[in-house]
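Shown here: structure28.cif, mmCIF, C-alpha atoms and all ligand atoms.
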```cif
data_my_file
#
loop_
_atom_site.label_atom_id
_atom_site.label_comp_id
_atom_site.auth_asym_id
_atom_site.auth_seq_id
_atom_site.Cartn_x
_atom_site.Cartn_y
_atom_site.Cartn_z
CA MET X 133 0.48 18.75 3.84
CA ARG X 134 0.73 15.02 3.36
CA LYS X 135 0.01 13.39 0.01
CA LYS X 136 -3.48 11.93 -0.37
CA ILE X 137 -3.24 8.53 -2.04
CA VAL X 138 -5.72 5.99 -3.35
CA ALA X 139 -3.86 2.88 -4.53
CA GLY X 140 -5.50 -0.09 -6.22
CA ASN X 141 -4.08 -3.53 -5.49
CA TRP X 142 -5.53 -5.69 -8.23
CA LYS X 143 -3.97 -8.84 -6.76
CA MET X 144 -4.17 -11.88 -9.07
CA ASN X 145 -7.13 -10.54 -11.03
CA THR X 146 -7.73 -9.45 -14.63
CA LEU X 147 -6.31 -10.74 -17.89
CA PRO X 148 -4.25 -8.21 -19.85
CA ALA X 149 -7.18 -6.95 -21.97
CA GLU X 150 -9.38 -6.59 -18.86
CA GLY X 151 -6.64 -4.73 -17.05
CA VAL X 152 -6.27 -2.30 -19.92
CA GLU X 153 -10.05 -1.70 -19.93
CA LEU X 154 -10.00 -1.08 -16.20
CA ALA X 155 -7.10 1.35 -16.49
CA LYS X 156 -8.82 3.18 -19.33
CA GLY X 157 -11.95 3.47 -17.21
CA VAL X 158 -9.96 5.03 -14.39
CA VAL X 159 -8.30 7.47 -16.80
CA ALA X 160 -11.67 8.39 -18.33
CA GLY X 161 -13.31 9.24 -14.99
CA ARG X 162 -10.27 10.70 -13.26
CA GLY X 163 -11.32 14.30 -14.02
CA GLU X 164 -14.33 13.95 -11.72
CA VAL X 165 -12.06 13.58 -8.70
CA CYS X 166 -9.96 16.32 -7.08
CA SER X 167 -6.52 16.57 -8.68
CA CYS X 168 -5.22 16.66 -5.08
CA VAL X 169 -5.76 12.87 -4.91
CA ASN X 170 -2.88 10.72 -6.19
CA PHE X 171 -4.15 7.56 -7.84
CA ILE X 172 -1.92 4.50 -8.21
CA VAL X 173 -2.85 1.21 -9.87
CA CYS X 174 -0.96 -2.02 -9.19
CA PRO X 175 -1.80 -4.67 -11.81
CA PRO X 176 -0.21 -8.12 -12.09
CA PHE X 177 3.33 -8.19 -13.56
CA THR X 178 2.07 -9.64 -16.83
CA HIS X 179 0.29 -6.51 -17.93
CA LEU X 180 2.27 -3.72 -16.33
CA SER X 181 3.52 -2.70 -19.74
CA GLU X 182 0.10 -2.56 -21.40
CA VAL X 183 -1.45 -0.76 -18.43
CA ALA X 184 1.44 1.73 -18.48
CA ALA X 185 0.54 2.49 -22.10
CA ALA X 186 -3.14 2.92 -21.18
CA LEU X 187 -2.20 5.39 -18.41
CA LYS X 188 0.04 7.46 -20.64
CA GLY X 189 -0.85 11.15 -20.64
CA SER X 190 -2.77 10.84 -17.34
CA ASP X 191 -1.49 11.55 -13.83
CA ILE X 192 -2.33 8.03 -12.65
CA GLU X 193 0.78 6.24 -11.50
CA LEU X 194 1.80 2.62 -11.80
CA GLY X 195 2.94 0.20 -9.13
CA ALA X 196 3.77 -3.50 -8.87
CA GLN X 197 2.54 -5.86 -6.17
CA ASN X 198 5.90 -7.36 -5.28
CA CYS X 199 9.54 -7.56 -6.37
CA ALA X 200 12.42 -9.96 -5.88
CA ALA X 201 14.79 -9.74 -2.95
CA GLU X 202 17.81 -10.05 -5.24
CA ALA X 203 18.99 -7.81 -8.06
CA LYS X 204 19.23 -10.43 -10.83
CA GLY X 205 20.49 -13.90 -11.66
CA ALA X 206 19.44 -17.49 -11.13
CA TYR X 207 16.15 -16.97 -9.30
CA THR X 208 13.63 -18.82 -11.47
CA GLY X 209 10.21 -17.22 -11.53
CA GLU X 210 11.20 -14.02 -9.75
CA VAL X 211 10.79 -10.47 -11.07
CA ALA X 212 13.47 -7.91 -10.21
CA ALA X 213 12.80 -4.37 -9.04
CA SER X 214 14.85 -3.11 -11.99
CA MET X 215 12.46 -4.91 -14.36
CA ILE X 216 9.30 -3.36 -12.97
CA ALA X 217 10.99 0.05 -12.86
CA ALA X 218 11.88 -0.36 -16.54
CA LEU X 219 8.18 -0.92 -17.30
CA GLY X 220 7.24 2.41 -15.76
CA CYS X 221 6.47 1.50 -12.15
CA LYS X 222 7.02 4.18 -9.55
CA TYR X 223 5.76 2.14 -6.60
CA VAL X 224 5.95 -1.40 -5.29
CA ILE X 225 3.73 -2.96 -2.63
CA LEU X 226 5.92 -4.84 -0.13
CA GLY X 227 5.02 -6.97 2.86
CA HIS X 228 1.36 -7.43 2.00
CA SER X 229 -0.19 -9.82 4.53
CA GLU X 230 -0.95 -12.30 1.75
CA ARG X 231 2.75 -12.43 0.91
CA ARG X 232 3.70 -12.76 4.57
CA GLN X 233 1.06 -15.43 5.15
CA TYR X 234 1.12 -17.55 1.97
CA TYR X 235 4.70 -17.06 0.80
CA GLY X 236 6.45 -16.87 4.13
CA GLU X 237 7.87 -13.38 3.72
CA THR X 238 9.80 -12.38 6.80
CA SER X 239 11.33 -9.10 7.86
CA GLU X 240 14.66 -10.44 6.66
CA THR X 241 13.33 -10.92 3.12
CA LEU X 242 11.51 -7.61 3.26
CA ASN X 243 14.67 -5.72 4.19
CA LYS X 244 16.26 -7.02 1.00
CA LYS X 245 13.21 -6.17 -1.09
CA MET X 246 13.10 -2.66 0.33
CA ALA X 247 16.77 -2.22 -0.57
CA GLN X 248 16.06 -3.38 -4.13
CA ALA X 249 13.12 -0.98 -4.40
CA TYR X 250 15.22 2.02 -3.35
CA GLU X 251 18.11 1.02 -5.57
CA ASN X 252 15.71 1.23 -8.49
CA SER X 253 14.03 4.49 -7.44
CA LEU X 254 10.76 2.81 -6.52
CA THR X 255 8.68 4.03 -3.60
CA PRO X 256 7.68 1.08 -1.40
CA ILE X 257 4.13 0.83 -0.11
CA TYR X 258 5.05 -1.11 2.99
CA CYS X 259 2.15 -3.03 4.53
CA VAL X 260 1.66 -3.75 8.21
CA GLY X 261 -1.25 -5.14 10.16
CA GLU X 262 -2.38 -7.70 12.70
CA ASN X 263 -4.53 -10.81 12.28
CA LEU X 264 -7.76 -11.50 14.12
CA ALA X 265 -6.20 -13.50 16.95
CA GLU X 266 -3.65 -10.73 17.55
CA ARG X 267 -6.39 -8.07 17.57
CA GLU X 268 -8.51 -10.11 19.98
CA ALA X 269 -5.51 -10.56 22.27
CA GLU X 270 -4.98 -6.78 22.05
CA LYS X 271 -1.53 -7.30 20.57
CA HIS X 272 -2.16 -5.18 17.47
CA PHE X 273 0.01 -2.29 18.62
CA ASP X 274 2.95 -4.60 19.35
CA VAL X 275 2.56 -6.40 16.03
CA VAL X 276 2.68 -3.27 13.87
CA LYS X 277 5.47 -1.81 16.01
CA ALA X 278 7.63 -4.87 15.37
CA GLN X 279 6.80 -4.86 11.63
CA ILE X 280 7.97 -1.24 11.49
CA GLU X 281 11.01 -1.56 13.73
CA GLU X 282 12.32 -4.67 11.95
CA VAL X 283 12.14 -3.11 8.49
CA VAL X 284 11.41 0.62 8.33
CA TYR X 285 13.90 1.44 11.10
CA ASN X 286 16.66 0.15 8.81
CA LEU X 287 16.00 2.88 6.24
CA THR X 288 18.10 5.99 5.98
CA ALA X 289 16.44 9.37 6.58
CA GLU X 290 16.63 9.98 2.84
CA GLN X 291 14.92 6.67 2.01
CA PHE X 292 12.24 7.29 4.62
CA LYS X 293 11.17 10.42 2.73
CA ASN X 294 10.08 8.10 -0.10
CA LEU X 295 7.93 5.67 1.77
CA VAL X 296 4.22 4.99 1.98
CA ILE X 297 2.85 2.83 4.79
CA ALA X 298 -0.36 0.85 4.47
CA TYR X 299 -2.07 -0.35 7.63
CA GLU X 300 -4.20 -3.35 6.75
CA PRO X 301 -5.77 -5.39 9.53
CA VAL X 302 -5.77 -8.93 8.14
CA TRP X 303 -9.26 -9.57 9.54
CA ALA X 304 -10.62 -6.77 7.35
CA ILE X 305 -9.02 -7.84 4.06
CA GLY X 306 -11.57 -9.20 1.61
CA THR X 307 -13.96 -10.01 4.45
CA GLY X 308 -16.33 -7.09 4.19
CA LYS X 309 -15.41 -6.21 7.79
CA THR X 310 -13.83 -2.78 8.03
CA ALA X 311 -12.04 -1.28 10.96
CA THR X 312 -14.12 1.59 12.28
CA ALA X 313 -12.83 5.05 11.49
CA ASP X 314 -11.88 5.43 15.15
CA GLN X 315 -9.98 2.12 15.18
CA ALA X 316 -8.12 3.22 12.05
CA GLN X 317 -7.26 6.62 13.50
CA GLU X 318 -6.08 5.09 16.76
CA ILE X 319 -3.58 2.77 15.13
CA HIS X 320 -2.53 5.22 12.39
CA ALA X 321 -1.66 7.78 15.07
CA TYR X 322 0.27 5.07 16.90
CA ILE X 323 2.16 4.12 13.72
CA ARG X 324 3.08 7.76 13.20
CA LYS X 325 4.37 7.89 16.77
CA VAL X 326 6.53 4.81 16.18
CA LEU X 327 7.88 6.40 12.98
CA ALA X 328 8.57 9.68 14.77
CA ALA X 329 10.57 7.89 17.46
CA LYS X 330 13.13 7.06 14.76
CA PHE X 331 12.69 9.69 12.04
CA GLY X 332 11.45 12.69 14.04
CA ALA X 333 9.44 15.37 12.26
CA ALA X 334 9.70 13.54 8.90
CA ALA X 335 7.05 11.14 10.24
CA GLU X 336 4.52 13.95 9.78
CA GLU X 337 5.09 13.77 6.02
CA CYS X 338 4.74 10.00 5.62
CA PRO X 339 1.42 8.96 4.04
CA ILE X 340 -0.28 6.18 6.01
CA LEU X 341 -3.03 4.42 4.04
CA TYR X 342 -5.83 2.29 5.40
CA GLY X 343 -6.64 -1.01 3.69
CA GLY X 344 -9.22 -3.71 4.27
CA SER X 345 -12.71 -3.75 2.70
CA CYS X 346 -12.46 -0.06 1.91
CA LYS X 347 -15.26 0.96 -0.46
CA PRO X 348 -17.15 4.04 -1.66
CA SER X 349 -19.62 3.79 1.23
CA ASN X 350 -17.02 3.88 4.02
CA ALA X 351 -14.01 5.69 2.52
CA ALA X 352 -15.14 9.24 3.34
CA GLU X 353 -15.56 8.53 7.05
CA ILE X 354 -12.20 6.76 7.33
CA PHE X 355 -10.30 9.34 5.22
CA ALA X 356 -11.72 12.15 7.35
CA LYS X 357 -9.51 11.01 10.22
CA GLN X 358 -6.42 13.06 10.85
CA ASP X 359 -3.80 10.34 10.42
CA VAL X 360 -5.45 8.48 7.54
CA ASP X 361 -4.01 9.69 4.24
CA GLY X 362 -5.88 7.43 1.86
CA GLY X 363 -6.42 3.79 1.09
CA LEU X 364 -4.96 0.62 -0.36
CA ILE X 365 -7.92 -0.87 -2.16
CA GLY X 366 -8.36 -4.50 -3.19
CA GLY X 367 -11.78 -5.68 -4.36
CA ALA X 368 -13.22 -2.22 -4.97
CA ALA X 369 -10.25 -1.30 -7.20
CA LEU X 370 -11.46 -3.78 -9.81
CA LYS X 371 -14.29 -1.47 -10.87
CA ALA X 372 -13.17 1.90 -12.18
CA GLU X 373 -16.32 3.56 -10.92
CA ASP X 374 -15.87 2.32 -7.35
CA PHE X 375 -12.15 3.04 -7.31
CA LEU X 376 -12.75 6.63 -8.41
CA ALA X 377 -15.66 7.03 -5.99
CA ILE X 378 -13.29 6.10 -3.16
CA GLY X 379 -11.10 9.00 -4.26
CA LYS X 380 -14.08 11.30 -3.89
CA GLY X 381 -14.07 10.34 -0.22
CA PHE X 382 -11.52 13.05 0.51
CA ALA X 383 -13.49 15.96 1.86
CA LYS X 384 -10.40 17.81 3.04
P1 LIG F 1 -9.69 -5.53 0.10
O1 LIG F 1 -8.10 -5.74 0.00
O2 LIG F 1 -9.96 -4.07 -0.21
O3 LIG F 1 -10.28 -6.44 -0.95
O4 LIG F 1 -10.11 -5.89 1.48
C1 LIG F 1 -7.21 -4.77 0.42
C2 LIG F 1 -5.79 -5.26 0.27
O5 LIG F 1 -5.52 -6.43 0.61
O6 LIG F 1 -4.91 -4.52 -0.18
#
```
Before anything else, please render the file you have as structure tokens.
Ligand code: PGA
Amino acid sequence: MRKKIVAGNWKMNTLPAEGVELAKGVVAGRGEVCSCVNFIVCPPFTHLSEVAAALKGSDIELGAQNCAAEAKGAYTGEVAASMIAALGCKYVILGHSERRQYYGETSETLNKKMAQAYENSLTPIYCVGENLAEREAEKHFDVVKAQIEEVVYNLTAEQFKNLVIAYEPVWAIGTGKTATADQAQEIHAYIRKVLAAKFGAAAEECPILYGGSCKPSNAAEIFAKQDVDGGLIGGAALKAEDFLAIGKGFAK
């Protein structure tokens, strides 16, 4: 049985006090959702510590949205994986399309970041996904295959056991356009096949999340698909009620 995960990517939203309120809201309503669902919240670096305190005593886990490619040293403005781990993070989102697109993250950088994550016992939530032009040119399978081969294929079998993949079509992020449940299933199954080609049966255990305008009204249909193991939620993660309602989307 694969883990069911609902992870909130808060992006560059909330001030510390707002983030703490949001986290408290998630903790308060968590009991209404099946304990079989693993909730993760990923606030900005600045309030990881305060949000960690707000989550204390709950089963909601903490993640960061990024980490540095290097361990430490003269890298002004960067935040090391060891630093976020020290604040209580268990997860780190890596390779989000916004990082690839706006900050020029390449597979080369991401290989280093993945290594830093594992060195600090963090589970990467590694994001893949095609943009609109690639989807329209029917290149989406090739794009995600390359994003997996160039980075995930470099992991050891042991590291692969601690990996979450998030498939996020760039055209669906923050646009209100969602992939249909069938489109999600099609590419999730394909991703699992690509993972299995390298890691064999362990690919069956790897959670693959869907992300891109996922909300309470569409989560249930998408999560019902066999190879969809949850969601990476942006906008809808900024309201505790909506974030929790997405978790209720697991009928299985
Ligand atoms: P969205 O973002 O839910 O606001 O579309 C998802 C993401 O980018 O992780």
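One finds atom CA of X:Gly363 at 10.2 Å from atom CA of X:Gly381.
Taking only C-alpha atoms and all ligand atoms into account, the protein and nucleic acid residues that come at most 8 Å from ligand LIG 1 (chain F) are Gly140, Asn141, Lys143, His228, Ser229, Glu230, Glu300, Val302, Ala304, Ile305, Gly306, Thr307, Gly308, Gly343, Gly344, Ser345, Cys346, Lys347, Leu364, Ile365, Gly366, Gly367, Ala368 and Ala369 of chain X.
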Store the residues picked out above in a file with C-alpha atoms, as a CSV table (one decimal), in the frame of the given file.
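After the write, part.csv holds the following:
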```csv
chain,number,residue,atom,x,y,z
X,140,GLY,CA,-5.5,-0.1,-6.2
X,141,ASN,CA,-4.1,-3.5,-5.5
X,143,LYS,CA,-4.0,-8.8,-6.8
X,228,HIS,CA,1.4,-7.4,2.0
X,229,SER,CA,-0.2,-9.8,4.5
X,230,GLU,CA,-1.0,-12.3,1.8
X,300,GLU,CA,-4.2,-3.4,6.8
X,302,VAL,CA,-5.8,-8.9,8.1
X,304,ALA,CA,-10.6,-6.8,7.4
X,305,ILE,CA,-9.0,-7.8,4.1
X,306,GLY,CA,-11.6,-9.2,1.6
X,307,THR,CA,-14.0,-10.0,4.4
X,308,GLY,CA,-16.3,-7.1,4.2
X,343,GLY,CA,-6.6,-1.0,3.7
X,344,GLY,CA,-9.2,-3.7,4.3
X,345,SER,CA,-12.7,-3.8,2.7
X,346,CYS,CA,-12.5,-0.1,1.9
X,347,LYS,CA,-15.3,1.0,-0.5
X,364,LEU,CA,-5.0,0.6,-0.4
X,365,ILE,CA,-7.9,-0.9,-2.2
X,366,GLY,CA,-8.4,-4.5,-3.2
X,367,GLY,CA,-11.8,-5.7,-4.4
X,368,ALA,CA,-13.2,-2.2,-5.0
X,369,ALA,CA,-10.2,-1.3,-7.2
```
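If you count all atoms listed in the file and ignore residues fewer than 2 places along the chain from stretch 286-299 of chain X, what sits within 6 Å of it is Thr255, Pro256, Ile257, Tyr258, Cys259, Val260, Gly261, Val283, Val284, Pro339, Ile340, Leu341 and Tyr342 of chain X.
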Could you save those same residues with C-alpha atoms as a tab-separated table (two decimals), in the frame of the given file?
```tsv
chain	number	residue	atom	x	y	z
X	255	THR	CA	8.68	4.03	-3.60
X	256	PRO	CA	7.68	1.08	-1.40
X	257	ILE	CA	4.13	0.83	-0.11
X	258	TYR	CA	5.05	-1.11	2.99
X	259	CYS	CA	2.15	-3.03	4.53
X	260	VAL	CA	1.66	-3.75	8.21
X	261	GLY	CA	-1.25	-5.14	10.16
X	283	VAL	CA	12.14	-3.11	8.49
X	284	VAL	CA	11.41	0.62	8.33
X	339	PRO	CA	1.42	8.96	4.04
X	340	ILE	CA	-0.28	6.18	6.01
X	341	LEU	CA	-3.03	4.42	4.04
X	342	TYR	CA	-5.83	2.29	5.40
```
- Query: Can you tell me, as a PyMOL selection string, what residues are no more than 9 Å from stretch 352-359 of chain X when counting all atoms listed in the file, ignoring any on the same chain fewer than 6 positions away?
  - Reply: chain X and resi 311-314+316-321+324+339-342+346+378-384
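A straight line drawn from atom CA of X:Ala186 to atom CA of X:Tyr250 is 25.6 Å long.
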Padded axis-aligned box of stretch 158-174 of chain X (3 Å per side), centre and edge lengths, Å, one decimal, as lines of an AutoDock Vina configuration file:
```
center_x = -7.6
center_y = 7.3
center_z = -11.6
size_x = 19.4
size_y = 24.7
size_z = 19.4
```
- Item | 7 Å contact set for X:Ser239, all atoms listed in the file, chain neighbours under 3 positions out, as number ranges by chain | X: 242-243, 282-283
- Task: Within 9 Å of X:Ala201, counting all atoms listed in the file, which residues show up once you throw out same-chain ones fewer than 3 positions away? Write them as an NGL selection string, please.
- Result: :X and (210 or 212-213 or 241-248)
- Query: Pick from X:Val360, X:Ala278, X:Ala329, X:Ala184: nearest to X:Ala218, with only C-alpha atoms counted?
  - Reply: X:Ala184
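We find atom CA of X:Asn263 and atom CA of X:Trp303 to be spaced 5.6 Å apart.
In this comparison, which uses only C-alpha atoms, the residue of X:Thr208, X:Asn170, X:Gln197, X:Thr238 approaching X:Val224 most closely is X:Gln197.
Remark: for X:Lys371, the closest of the candidate residues X:Asn252, X:Ser181, X:Thr146, X:Asn350 is X:Thr146 (distances computed over all atoms listed in the file).
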- Fewer than 3 positions away in the same chain doesn't count, so skip those; otherwise give me all residues within 8 Å of X:His179, counting all atoms listed in the file, as a list of chain:residue names. X:Leu147, X:Pro148, X:Gly151, X:Pro175, X:Pro176, X:Glu182, X:Val183
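Across X:Ala351, X:Glu251, X:Glu270, X:Ala328, the tightest approach to X:Thr310 is made by X:Ala351 when counting only C-alpha atoms.
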- Message: Taking all atoms listed in the file into account, name the residue in X:Ala149, X:Ala265, X:Ile216, X:Ala139 that is nearest to X:Glu193.
- Response: X:Ala139
- Task: Go through X:Cys174, X:Ser214, X:Met133, X:Glu268 one by one, measure the shortest atom-to-atom distance of each to X:Ala335 using only C-alpha atoms, and give the residue with the smallest value.
- Result: X:Met133
Show me that you can extract stretch 172-184 of chain X, keeping all heavy atoms, and write it as a compact mmCIF listing (two decimals), in the first residue's frame.
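Wrote result04.txt, looks like this:
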```
# COMPACT_ATOMS: atom_id res chain seq x y z
N ILE X 172 1.45 17.28 4.77
CA ILE X 172 2.75 17.97 4.87
C ILE X 172 2.49 19.44 4.54
O ILE X 172 1.75 19.73 3.61
CB ILE X 172 3.75 17.41 3.83
CG1 ILE X 172 3.93 15.89 3.99
CG2 ILE X 172 5.10 18.12 3.91
CD1 ILE X 172 4.62 15.22 2.79
N VAL X 173 3.07 20.35 5.32
CA VAL X 173 2.99 21.76 4.93
C VAL X 173 4.40 22.29 4.67
O VAL X 173 5.35 21.96 5.38
CB VAL X 173 2.27 22.65 5.99
CG1 VAL X 173 0.80 22.27 6.08
CG2 VAL X 173 2.93 22.58 7.35
N CYS X 174 4.52 23.10 3.61
CA CYS X 174 5.82 23.64 3.22
C CYS X 174 5.75 25.18 3.19
O CYS X 174 5.46 25.79 2.16
CB CYS X 174 6.21 23.12 1.84
SG CYS X 174 6.23 21.31 1.75
N PRO X 175 5.99 25.81 4.33
CA PRO X 175 5.97 27.27 4.42
C PRO X 175 7.28 27.86 3.90
O PRO X 175 8.24 27.14 3.64
CB PRO X 175 5.87 27.54 5.93
CG PRO X 175 5.83 26.21 6.61
CD PRO X 175 6.28 25.17 5.63
N PRO X 176 7.32 29.19 3.78
CA PRO X 176 8.60 29.84 3.45
C PRO X 176 9.65 29.57 4.55
O PRO X 176 9.28 29.32 5.70
CB PRO X 176 8.24 31.33 3.42
CG PRO X 176 6.76 31.37 3.19
CD PRO X 176 6.22 30.16 3.86
N PHE X 177 10.92 29.66 4.20
CA PHE X 177 12.02 29.42 5.16
C PHE X 177 11.85 30.22 6.45
O PHE X 177 12.14 29.73 7.52
CB PHE X 177 13.35 29.87 4.56
CG PHE X 177 13.85 29.02 3.42
CD1 PHE X 177 14.34 29.63 2.26
CD2 PHE X 177 13.87 27.64 3.51
CE1 PHE X 177 14.83 28.85 1.22
CE2 PHE X 177 14.36 26.87 2.46
CZ PHE X 177 14.83 27.48 1.32
N THR X 178 11.41 31.49 6.26
CA THR X 178 11.40 32.43 7.39
C THR X 178 10.54 31.99 8.57
O THR X 178 10.78 32.44 9.68
CB THR X 178 10.89 33.80 6.92
OG1 THR X 178 9.73 33.55 6.12
CG2 THR X 178 11.94 34.53 6.12
N HIS X 179 9.52 31.18 8.31
CA HIS X 179 8.72 30.76 9.46
C HIS X 179 8.63 29.25 9.65
O HIS X 179 7.72 28.75 10.28
CB HIS X 179 7.36 31.44 9.54
CG HIS X 179 6.73 31.88 8.26
ND1 HIS X 179 7.34 32.70 7.36
CD2 HIS X 179 5.50 31.64 7.76
CE1 HIS X 179 6.52 32.94 6.35
NE2 HIS X 179 5.41 32.31 6.57
N LEU X 180 9.60 28.55 9.15
CA LEU X 180 9.64 27.09 9.37
C LEU X 180 9.62 26.78 10.86
O LEU X 180 8.92 25.88 11.32
CB LEU X 180 10.89 26.49 8.74
CG LEU X 180 10.86 26.31 7.22
CD1 LEU X 180 12.24 25.89 6.71
CD2 LEU X 180 9.80 25.30 6.81
N SER X 181 10.42 27.55 11.59
CA SER X 181 10.58 27.28 13.01
C SER X 181 9.26 27.48 13.77
O SER X 181 8.83 26.63 14.56
CB SER X 181 11.65 28.21 13.53
OG SER X 181 12.12 27.76 14.74
N GLU X 182 8.61 28.62 13.50
CA GLU X 182 7.35 28.91 14.19
C GLU X 182 6.25 27.94 13.77
O GLU X 182 5.43 27.52 14.59
CB GLU X 182 6.92 30.34 13.88
CG GLU X 182 7.69 31.36 14.70
CD GLU X 182 7.63 32.73 14.08
OE1 GLU X 182 6.65 33.46 14.34
OE2 GLU X 182 8.56 33.06 13.33
N VAL X 183 6.24 27.57 12.50
CA VAL X 183 5.22 26.61 12.06
C VAL X 183 5.50 25.24 12.68
O VAL X 183 4.58 24.53 13.09
CB VAL X 183 5.15 26.56 10.51
CG1 VAL X 183 4.28 25.40 10.04
CG2 VAL X 183 4.60 27.87 9.96
N ALA X 184 6.77 24.89 12.79
CA ALA X 184 7.13 23.61 13.44
C ALA X 184 6.55 23.59 14.85
O ALA X 184 5.99 22.57 15.29
CB ALA X 184 8.65 23.44 13.48
```
